Amino acid sequence: MWISRIRATSAHTGSCRKRSTRARTWLPALVLVSLLLLIGGATQAQALTLAPFKSLYAFPDSPTAMSGPAAVVVAPDGDIIYADAGTTGDNAGGGFHRIRILSATGQLKASWGTKGSAPGKFRAPQALALGPNNLVYVADTYNSRVQVFERDGTFVRAWGTAGAANGQMREPRGIAVDKNGNVYVSDSGNSRVEVFSSTGSFLEAWTSSAAEPFDTPTGIVVAADLRVYVTDLNKHNVKQFSAGPTRTLLNTWGWTTGQTTNTSRYSFPRTITL
């Protein structure tokens, strides 16, 4: 199980400490390459250590340029799919706001999306997942919705609007697809997890437990046994839940309610993978 984290000045939605313009430019690329090394293995990711860095520094308009990579998955065929969320990662940010697919050797294979709210456009997409049907599911964070695409970028469907009712969401920052094709969304702004069918029908939602509630869930992953793991950003912990239909909190790693000091070494955990 891999967990990524950021350090922050306050508990408010994990606001990153700002260093300098240069630091904010190269850090996302460093994180992406690090994740590729962890997920894909050193041989597979080796070619990417030059392509993104060169394009980021020297060739900002090149095919492999990035402006704020926020999430990455490696497909079974070795393709690398990542979300480029923009330069600041928020609603007002510039940059690309797009999804890109690279080959295992770093060659651009597909790219789609610009900033906007129409189908196929994004506002800081911060998470994505690849389903068993080979579709790409994107948490379109500041449009408060999920968008689904073919691997070539063809728009398939979308669901979700801003709100707190079942099937609505506020700024989702995590998404996962289980072996049955059901879609799990970290509804970060409503501090809950929602589950949908592969076509977007609402199935269930939960808010952790009364003793250990969510406070901005972000990363989410579903194991082969359908247990669910969630990084809880402002609680500085990782939660494990049983498979449905009843969601029971099985374990909490990291800070727990009632602690007076954080001895977990988790500081605003954002993403998780198995």
# chains A, B, ... in the order shown; residues from 1 in each chain; ligands from 1
$ residues_around --residues "Arg173 (chain A)" --least-positions-apart "2" --cutoff "10 Å" --atoms "only C-alpha atoms" --output "short mmCIF file (atom, residue, chain, number, x, y, z; two decimals) with N, CA, C and O atoms, in the first residue's frame"
data_model
loop_
_atom_site.label_atom_id
_atom_site.label_comp_id
_atom_site.auth_asym_id
_atom_site.auth_seq_id
_atom_site.Cartn_x
_atom_site.Cartn_y
_atom_site.Cartn_z
N ALA A 70 -1.71 15.67 -11.25
CA ALA A 70 -2.31 15.43 -9.95
C ALA A 70 -2.58 13.97 -9.67
O ALA A 70 -2.73 13.59 -8.51
N ALA A 71 -2.68 13.13 -10.70
CA ALA A 71 -2.99 11.71 -10.49
C ALA A 71 -2.46 10.91 -11.66
O ALA A 71 -2.35 11.43 -12.78
N ALA A 124 -9.71 21.56 -13.05
CA ALA A 124 -8.76 20.94 -12.11
C ALA A 124 -9.11 19.49 -11.78
O ALA A 124 -9.40 19.16 -10.64
N PRO A 125 -9.08 18.59 -12.75
CA PRO A 125 -9.33 17.17 -12.45
C PRO A 125 -8.22 16.61 -11.57
O PRO A 125 -7.05 16.62 -11.96
N GLN A 126 -8.56 16.10 -10.40
CA GLN A 126 -7.53 15.71 -9.44
C GLN A 126 -7.45 14.22 -9.18
O GLN A 126 -6.65 13.77 -8.36
N ALA A 127 -8.25 13.41 -9.87
CA ALA A 127 -8.17 11.96 -9.69
C ALA A 127 -8.74 11.28 -10.92
O ALA A 127 -9.61 11.82 -11.61
N LEU A 128 -8.24 10.07 -11.17
CA LEU A 128 -8.77 9.27 -12.27
C LEU A 128 -8.58 7.80 -11.95
O LEU A 128 -7.80 7.42 -11.07
N VAL A 138 -12.91 9.99 -14.52
CA VAL A 138 -12.21 11.19 -14.05
C VAL A 138 -13.05 11.91 -13.00
O VAL A 138 -14.24 12.18 -13.22
N ALA A 139 -12.44 12.22 -11.86
CA ALA A 139 -13.07 13.10 -10.88
C ALA A 139 -12.79 14.53 -11.31
O ALA A 139 -11.68 15.05 -11.15
N ASP A 140 -13.79 15.14 -11.91
CA ASP A 140 -13.68 16.52 -12.43
C ASP A 140 -13.97 17.45 -11.26
O ASP A 140 -15.09 17.93 -11.08
N THR A 141 -12.93 17.74 -10.50
CA THR A 141 -13.08 18.24 -9.13
C THR A 141 -13.94 19.49 -9.03
O THR A 141 -14.93 19.52 -8.30
N TYR A 142 -13.57 20.55 -9.71
CA TYR A 142 -14.28 21.81 -9.50
C TYR A 142 -15.51 21.97 -10.39
O TYR A 142 -16.20 22.99 -10.32
N SER A 144 -17.53 19.38 -9.95
CA SER A 144 -18.32 18.52 -9.05
C SER A 144 -19.07 17.44 -9.81
O SER A 144 -20.29 17.27 -9.70
N ARG A 170 -19.50 17.52 -3.98
CA ARG A 170 -18.80 18.81 -3.90
C ARG A 170 -17.29 18.56 -3.96
O ARG A 170 -16.72 17.96 -3.06
N GLU A 171 -16.71 18.96 -5.07
CA GLU A 171 -15.26 18.92 -5.26
C GLU A 171 -14.67 17.53 -4.97
O GLU A 171 -13.83 17.36 -4.08
N ILE A 175 -11.24 8.82 -6.82
CA ILE A 175 -12.15 7.96 -7.56
C ILE A 175 -11.50 6.59 -7.73
O ILE A 175 -10.27 6.47 -7.87
N VAL A 185 -16.50 7.28 -5.26
CA VAL A 185 -16.06 8.67 -5.35
C VAL A 185 -15.85 9.24 -3.95
O VAL A 185 -16.74 9.15 -3.10
N SER A 186 -14.67 9.80 -3.72
CA SER A 186 -14.44 10.56 -2.49
C SER A 186 -15.09 11.93 -2.66
O SER A 186 -14.54 12.81 -3.33
N ASP A 187 -16.25 12.08 -2.06
CA ASP A 187 -17.00 13.34 -2.14
C ASP A 187 -16.42 14.26 -1.07
O ASP A 187 -16.99 14.43 0.02
N SER A 188 -15.30 14.87 -1.40
CA SER A 188 -14.48 15.56 -0.40
C SER A 188 -15.22 16.68 0.30
O SER A 188 -15.14 16.84 1.52
N GLY A 189 -15.93 17.49 -0.46
CA GLY A 189 -16.61 18.64 0.12
C GLY A 189 -17.76 18.28 1.03
O GLY A 189 -18.14 19.06 1.90
N THR A 216 -12.82 15.55 4.95
CA THR A 216 -12.24 15.71 3.62
C THR A 216 -11.53 14.44 3.14
O THR A 216 -10.30 14.38 3.05
N PRO A 217 -12.28 13.39 2.84
CA PRO A 217 -11.69 12.20 2.23
C PRO A 217 -11.16 12.53 0.83
O PRO A 217 -11.79 13.29 0.09
N THR A 218 -10.02 11.96 0.49
CA THR A 218 -9.40 12.26 -0.81
C THR A 218 -9.13 10.96 -1.56
O THR A 218 -9.97 10.47 -2.27
N GLY A 219 -7.94 10.39 -1.40
CA GLY A 219 -7.61 9.18 -2.14
C GLY A 219 -8.48 8.01 -1.75
O GLY A 219 -8.88 7.87 -0.59
N ILE A 220 -8.77 7.14 -2.71
CA ILE A 220 -9.61 5.97 -2.44
C ILE A 220 -9.18 4.83 -3.36
O ILE A 220 -8.81 5.06 -4.52
N ARG A 270 -2.96 12.34 0.71
CA ARG A 270 -3.80 12.71 -0.43
C ARG A 270 -4.22 11.52 -1.28
O ARG A 270 -5.35 11.47 -1.75
N THR A 271 -3.30 10.62 -1.58
CA THR A 271 -3.60 9.55 -2.51
C THR A 271 -3.15 8.21 -1.95
O THR A 271 -2.33 8.15 -1.03
#
$ atom_distance --atom1 "CA of Ala83 (chain A)" --atom2 "CA of Met66 (chain A)"
9.5 Å
$ closest_residue --among "A:Gln107, A:Trp112, A:Ser67, A:Asp77" --to "Gly94 (chain A)" --atoms "only C-alpha atoms"
A:Ser67
$ atom_distance --atom1 "CA of Ala104 (chain A)" --atom2 "CA of Leu135 (chain A)"
18.5 Å
$ closest_residue --among "A:Gly78, A:Gly254, A:Pro213, A:Pro132" --to "Val183 (chain A)" --atoms "only C-alpha atoms"
A:Pro132
$ closest_residue --among "A:Gly181, A:Gly174, A:Gly200, A:Gly95" --to "Ala158 (chain A)" --atoms "only C-alpha atoms"
A:Gly200
$ closest_residue --among "A:Thr154, A:Thr207, A:Ser117, A:Asn180" --to "Val136 (chain A)" --atoms "only C-alpha atoms"
A:Thr154
$ closest_residue --among "A:Val193, A:Ile272, A:Ala118, A:Leu249" --to "Arg227 (chain A)" --atoms "only C-alpha atoms"
A:Leu249
$ closest_residue --among "A:Val74, A:Trp159, A:Arg123, A:Thr114" --to "Ser201 (chain A)" --atoms "only C-alpha atoms"
A:Trp159
$ select_by_dssp --residues "region 98-197 of chain A" --states "strand (DSSP E)" --output "MDAnalysis selection string"
chainID A and resid 98:102 108:112 127:130 136:140 145:149 155:159 174:177 183:187 192:196
$ write_last_selection --atoms "C-alpha atoms" --output "PDB file, in the first residue's frame"
ATOM      1  CA  ARG A  98      -6.630  17.815 -19.281  1.00  0.00           C
ATOM      2  CA  ILE A  99      -6.085  14.057 -19.374  1.00  0.00           C
ATOM      3  CA  ARG A 100      -3.093  12.580 -21.206  1.00  0.00           C
ATOM      4  CA  ILE A 101      -1.925   9.097 -22.105  1.00  0.00           C
ATOM      5  CA  LEU A 102       1.727   8.246 -22.634  1.00  0.00           C
ATOM      6  CA  LEU A 108       2.262  10.921 -26.232  1.00  0.00           C
ATOM      7  CA  LYS A 109      -0.629   8.710 -27.397  1.00  0.00           C
ATOM      8  CA  ALA A 110      -3.736  10.721 -26.505  1.00  0.00           C
ATOM      9  CA  SER A 111      -4.667  14.041 -24.932  1.00  0.00           C
ATOM     10  CA  TRP A 112      -8.006  15.709 -24.316  1.00  0.00           C
ATOM     11  CA  ALA A 127      -8.172  11.962  -9.687  1.00  0.00           C
ATOM     12  CA  LEU A 128      -8.768   9.270 -12.268  1.00  0.00           C
ATOM     13  CA  ALA A 129      -9.226   5.512 -12.484  1.00  0.00           C
ATOM     14  CA  LEU A 130      -9.269   2.858 -15.167  1.00  0.00           C
ATOM     15  CA  VAL A 136     -11.203   6.170 -18.002  1.00  0.00           C
ATOM     16  CA  TYR A 137     -13.150   7.636 -15.059  1.00  0.00           C
ATOM     17  CA  VAL A 138     -12.210  11.190 -14.049  1.00  0.00           C
ATOM     18  CA  ALA A 139     -13.068  13.101 -10.879  1.00  0.00           C
ATOM     19  CA  ASP A 140     -13.684  16.522 -12.430  1.00  0.00           C
ATOM     20  CA  ARG A 145     -18.920  15.603 -11.378  1.00  0.00           C
ATOM     21  CA  VAL A 146     -17.539  12.373 -12.823  1.00  0.00           C
ATOM     22  CA  GLN A 147     -16.701  12.138 -16.523  1.00  0.00           C
ATOM     23  CA  VAL A 148     -16.087   8.903 -18.419  1.00  0.00           C
ATOM     24  CA  PHE A 149     -14.063   8.481 -21.604  1.00  0.00           C
ATOM     25  CA  PHE A 155     -16.628  11.284 -24.289  1.00  0.00           C
ATOM     26  CA  VAL A 156     -18.943   8.534 -22.988  1.00  0.00           C
ATOM     27  CA  ARG A 157     -21.004  10.001 -20.148  1.00  0.00           C
ATOM     28  CA  ALA A 158     -20.959  12.250 -17.099  1.00  0.00           C
ATOM     29  CA  TRP A 159     -22.911  12.485 -13.856  1.00  0.00           C
ATOM     30  CA  GLY A 174     -10.693  10.660  -5.353  1.00  0.00           C
ATOM     31  CA  ILE A 175     -12.150   7.957  -7.563  1.00  0.00           C
ATOM     32  CA  ALA A 176     -11.822   4.174  -7.858  1.00  0.00           C
ATOM     33  CA  VAL A 177     -13.514   1.377  -9.789  1.00  0.00           C
ATOM     34  CA  VAL A 183     -17.457   3.548  -9.162  1.00  0.00           C
ATOM     35  CA  TYR A 184     -16.402   4.909  -5.744  1.00  0.00           C
ATOM     36  CA  VAL A 185     -16.061   8.675  -5.354  1.00  0.00           C
ATOM     37  CA  SER A 186     -14.441  10.560  -2.487  1.00  0.00           C
ATOM     38  CA  ASP A 187     -17.004  13.336  -2.137  1.00  0.00           C
ATOM     39  CA  ARG A 192     -18.429  11.108   2.483  1.00  0.00           C
ATOM     40  CA  VAL A 193     -17.925   8.320  -0.045  1.00  0.00           C
ATOM     41  CA  GLU A 194     -20.513   7.724  -2.762  1.00  0.00           C
ATOM     42  CA  VAL A 195     -20.844   4.590  -4.891  1.00  0.00           C
ATOM     43  CA  PHE A 196     -22.342   4.487  -8.381  1.00  0.00           C
TER      44      PHE A 196
END
$ select_by_dssp --residues "region 51-273 of chain A" --states "helix (DSSP H, G or I)" --output "MDAnalysis selection string"
chainID A and resid 51:57 141:143 188:190 233:235
$ write_last_selection --atoms "N, CA and C atoms" --output "PDB file, in the first residue's frame"
ATOM      1  N   ALA A  51      11.651  13.070 -20.513  1.00  0.00           N
ATOM      2  CA  ALA A  51      10.622  13.733 -21.293  1.00  0.00           C
ATOM      3  C   ALA A  51       9.858  14.801 -20.511  1.00  0.00           C
ATOM      4  N   PRO A  52       9.263  14.504 -19.352  1.00  0.00           N
ATOM      5  CA  PRO A  52       8.527  15.546 -18.632  1.00  0.00           C
ATOM      6  C   PRO A  52       9.429  16.666 -18.126  1.00  0.00           C
ATOM      7  N   PHE A  53      10.625  16.324 -17.644  1.00  0.00           N
ATOM      8  CA  PHE A  53      11.474  17.361 -17.081  1.00  0.00           C
ATOM      9  C   PHE A  53      11.980  18.302 -18.163  1.00  0.00           C
ATOM     10  N   LYS A  54      12.417  17.771 -19.298  1.00  0.00           N
ATOM     11  CA  LYS A  54      12.884  18.633 -20.369  1.00  0.00           C
ATOM     12  C   LYS A  54      11.761  19.518 -20.889  1.00  0.00           C
ATOM     13  N   SER A  55      10.580  18.904 -21.104  1.00  0.00           N
ATOM     14  CA  SER A  55       9.481  19.693 -21.642  1.00  0.00           C
ATOM     15  C   SER A  55       9.018  20.727 -20.636  1.00  0.00           C
ATOM     16  N   LEU A  56       9.084  20.400 -19.351  1.00  0.00           N
ATOM     17  CA  LEU A  56       8.628  21.324 -18.324  1.00  0.00           C
ATOM     18  C   LEU A  56       9.548  22.531 -18.232  1.00  0.00           C
ATOM     19  N   TYR A  57      10.864  22.294 -18.270  1.00  0.00           N
ATOM     20  CA  TYR A  57      11.808  23.388 -18.102  1.00  0.00           C
ATOM     21  C   TYR A  57      12.097  24.129 -19.393  1.00  0.00           C
ATOM     22  N   THR A 141     -12.932  17.739 -10.502  1.00  0.00           N
ATOM     23  CA  THR A 141     -13.075  18.241  -9.133  1.00  0.00           C
ATOM     24  C   THR A 141     -13.935  19.494  -9.026  1.00  0.00           C
ATOM     25  N   TYR A 142     -13.569  20.553  -9.706  1.00  0.00           N
ATOM     26  CA  TYR A 142     -14.279  21.814  -9.500  1.00  0.00           C
ATOM     27  C   TYR A 142     -15.510  21.973 -10.392  1.00  0.00           C
ATOM     28  N   ASN A 143     -15.803  20.974 -11.201  1.00  0.00           N
ATOM     29  CA  ASN A 143     -17.124  20.887 -11.827  1.00  0.00           C
ATOM     30  C   ASN A 143     -18.049  19.968 -11.030  1.00  0.00           C
ATOM     31  N   SER A 188     -15.301  14.869  -1.400  1.00  0.00           N
ATOM     32  CA  SER A 188     -14.476  15.558  -0.395  1.00  0.00           C
ATOM     33  C   SER A 188     -15.216  16.684   0.295  1.00  0.00           C
ATOM     34  N   GLY A 189     -15.932  17.489  -0.465  1.00  0.00           N
ATOM     35  CA  GLY A 189     -16.613  18.640   0.117  1.00  0.00           C
ATOM     36  C   GLY A 189     -17.762  18.277   1.028  1.00  0.00           C
ATOM     37  N   ASN A 190     -18.326  17.081   0.859  1.00  0.00           N
ATOM     38  CA  ASN A 190     -19.398  16.600   1.738  1.00  0.00           C
ATOM     39  C   ASN A 190     -18.905  15.573   2.754  1.00  0.00           C
ATOM     40  N   LEU A 233      -7.924  13.386   4.575  1.00  0.00           N
ATOM     41  CA  LEU A 233      -6.938  14.469   4.499  1.00  0.00           C
ATOM     42  C   LEU A 233      -6.733  15.199   5.812  1.00  0.00           C
ATOM     43  N   ASN A 234      -7.784  15.782   6.329  1.00  0.00           N
ATOM     44  CA  ASN A 234      -7.654  16.638   7.510  1.00  0.00           C
ATOM     45  C   ASN A 234      -7.683  15.868   8.820  1.00  0.00           C
ATOM     46  N   LYS A 235      -7.914  14.536   8.752  1.00  0.00           N
ATOM     47  CA  LYS A 235      -7.774  13.697   9.937  1.00  0.00           C
ATOM     48  C   LYS A 235      -6.383  13.062  10.002  1.00  0.00           C
TER      49      LYS A 235
END
$ atom_distance --atom1 "CA of Ala165 (chain A)" --atom2 "CA of Glu204 (chain A)"
11.5 Å
